[in-house]
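Okay, structure first, notes after.
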Amino acid sequence: MSNFTKKQVSDLVKGSLDWDTLHMMLSMPKDKERYANYMSVLQDQVSWDDKIIMAFGPHLYLAETTADKTLVTKCSCGHDFGDYRSNWKLNALVYVRDDEEKMQEVYPKLMAPDTNWQVYREYYCPTCGVMHDIEAPTPWYPVIHDFQPDIPALFDWLDLPAPVNA
């Protein structure tokens, strides 16, 4: 296994990693040290002290609170969406593209989906306004809970102690 430096992981996150190193990172088995480097890079990008456990997206994280060690879904701005096992989207601002006019903001005329069959739901942070996700379900479909990570299994693979409330 190959070990990559924190700088290389940081360049990967920024999108500035050279192609040869990127190819090597993708091709080789994941080294366990990369998790610590990745979490350190992510932690350096936020202004809050809660410990990042996992990235859910470019600005959305699973974090362990410093106050009581609970696991929450948190935005890079610090907005707390609540318990990570609950669907964070239910605490987000939602914009629904559910008519032709709203769809034409995204698609050229006559290229948009029929909103009787499909809508777009855009999920935004209520504090900073960053878009975290988009869904394209049928209009009547419930809000989709993307996934719930198996945190004990991850930490078992990393040979690290799992967070207390995992």
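Labels for the structure tokens follow display order: chains A, B, ..., residues from 1 in each chain, ligands from 1.
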Residue contacts of region 121-136 of chain A (10 Å, only C-alpha atoms) excluding same-chain residues fewer than 6 positions away, as a ChimeraX atom specification:
/A:56-60,74-81,88-98,113,143-144,146
Using DSSP on the backbone, list every residue of region 58-127 of chain A that comes out as alpha helix (DSSP H), and give them as a list of chain:residue names.
A:Glu100, A:Glu101, A:Lys102, A:Met103
One-decimal distance in Å that lies between CA of Gln43 (chain A) and CA of Asn3 (chain A)
19.9 Å
Residues within 9 Å of region 148-164 of chain A, please, as a ChimeraX atom specification. Count only C-alpha atoms; anything in the same chain fewer than 4 positions from it doesn't count.
/A:32-33,35,53,64,69-71,84-86
Could you dump the residues just selected with N, CA and C atoms as a PDB file, in the first residue's frame?
ATOM      1  N   LYS A  32      -4.881   3.225   5.203  1.00  0.00           N
ATOM      2  CA  LYS A  32      -5.659   3.658   6.366  1.00  0.00           C
ATOM      3  C   LYS A  32      -5.256   5.044   6.850  1.00  0.00           C
ATOM      4  N   GLU A  33      -4.036   5.471   6.563  1.00  0.00           N
ATOM      5  CA  GLU A  33      -3.579   6.795   6.978  1.00  0.00           C
ATOM      6  C   GLU A  33      -4.286   7.903   6.186  1.00  0.00           C
ATOM      7  N   TYR A  35      -7.389   8.296   5.648  1.00  0.00           N
ATOM      8  CA  TYR A  35      -8.572   8.765   6.378  1.00  0.00           C
ATOM      9  C   TYR A  35      -8.190   9.911   7.309  1.00  0.00           C
ATOM     10  N   ILE A  53     -16.210  13.390  11.160  1.00  0.00           N
ATOM     11  CA  ILE A  53     -16.054  11.935  11.116  1.00  0.00           C
ATOM     12  C   ILE A  53     -16.078  11.443   9.666  1.00  0.00           C
ATOM     13  N   GLU A  64     -18.910  14.853  15.160  1.00  0.00           N
ATOM     14  CA  GLU A  64     -19.099  14.523  16.579  1.00  0.00           C
ATOM     15  C   GLU A  64     -18.989  15.829  17.353  1.00  0.00           C
ATOM     16  N   LYS A  69     -20.676  14.771  22.519  1.00  0.00           N
ATOM     17  CA  LYS A  69     -20.230  13.638  21.699  1.00  0.00           C
ATOM     18  C   LYS A  69     -21.346  13.014  20.855  1.00  0.00           C
ATOM     19  N   THR A  70     -22.442  13.751  20.604  1.00  0.00           N
ATOM     20  CA  THR A  70     -23.480  13.240  19.706  1.00  0.00           C
ATOM     21  C   THR A  70     -23.012  13.396  18.272  1.00  0.00           C
ATOM     22  N   LEU A  71     -23.547  12.557  17.399  1.00  0.00           N
ATOM     23  CA  LEU A  71     -23.200  12.607  15.986  1.00  0.00           C
ATOM     24  C   LEU A  71     -24.308  13.336  15.229  1.00  0.00           C
ATOM     25  N   TYR A  84     -27.569  12.460  12.918  1.00  0.00           N
ATOM     26  CA  TYR A  84     -27.173  11.940  11.606  1.00  0.00           C
ATOM     27  C   TYR A  84     -28.062  10.807  11.118  1.00  0.00           C
ATOM     28  N   ARG A  85     -28.759  10.123  12.028  1.00  0.00           N
ATOM     29  CA  ARG A  85     -29.636   9.024  11.629  1.00  0.00           C
ATOM     30  C   ARG A  85     -30.952   9.524  11.053  1.00  0.00           C
ATOM     31  N   SER A  86     -31.281  10.791  11.328  1.00  0.00           N
ATOM     32  CA  SER A  86     -32.485  11.403  10.769  1.00  0.00           C
ATOM     33  C   SER A  86     -32.155  11.997   9.401  1.00  0.00           C
TER      34      SER A  86
END
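For the set A:Val119, A:Leu17, A:Met103, A:Ala112, the residue with the smallest atom-to-atom gap to Trp140 (chain A) is A:Val119, counting only C-alpha atoms.
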Which of region 9-116 of chain A end up as strand (DSSP E) when DSSP is run on this backbone - answer as a PyMOL selection string?
chain A and resi 51-57+60-64+71-75+80-83+93-97
With a distance cut-off of 9 Å and only C-alpha atoms, select the neighbouring residues of Pro139 (chain A), excluding the residue or stretch itself and same-chain residues fewer than 6 positions from it, and output the selection as a ChimeraX atom specification.
/A:98,115-120
Can you pull out the residues contacting Ser10 (chain A)? Cut-off 10 Å, using only C-alpha atoms, and skip same-chain residues under 4 positions away; I want them as an MDAnalysis selection string.
chainID A and resid 5:6 14:17 37:38 40:42 44
Which residue of A:Phe4, A:Thr73, A:Asp31, A:Glu101 approaches Ala55 (chain A) most closely, using only C-alpha atoms:
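Once distances to Ala55 (chain A) are computed over only C-alpha atoms, the minimum belongs to A:Thr73.
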At what distance in Å, to one decimal, does CA of Met39 (chain A) lie from CA of Val13 (chain A)?
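Straight-line distance from CA of Val13 (chain A) to CA of Met39 (chain A) works out to 10.9 Å.
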Work out how far CA of Gln45 (chain A) is from CA of Pro29 (chain A), in Å to one decimal.
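Rounded to one decimal, the two atoms are 26.1 Å apart.
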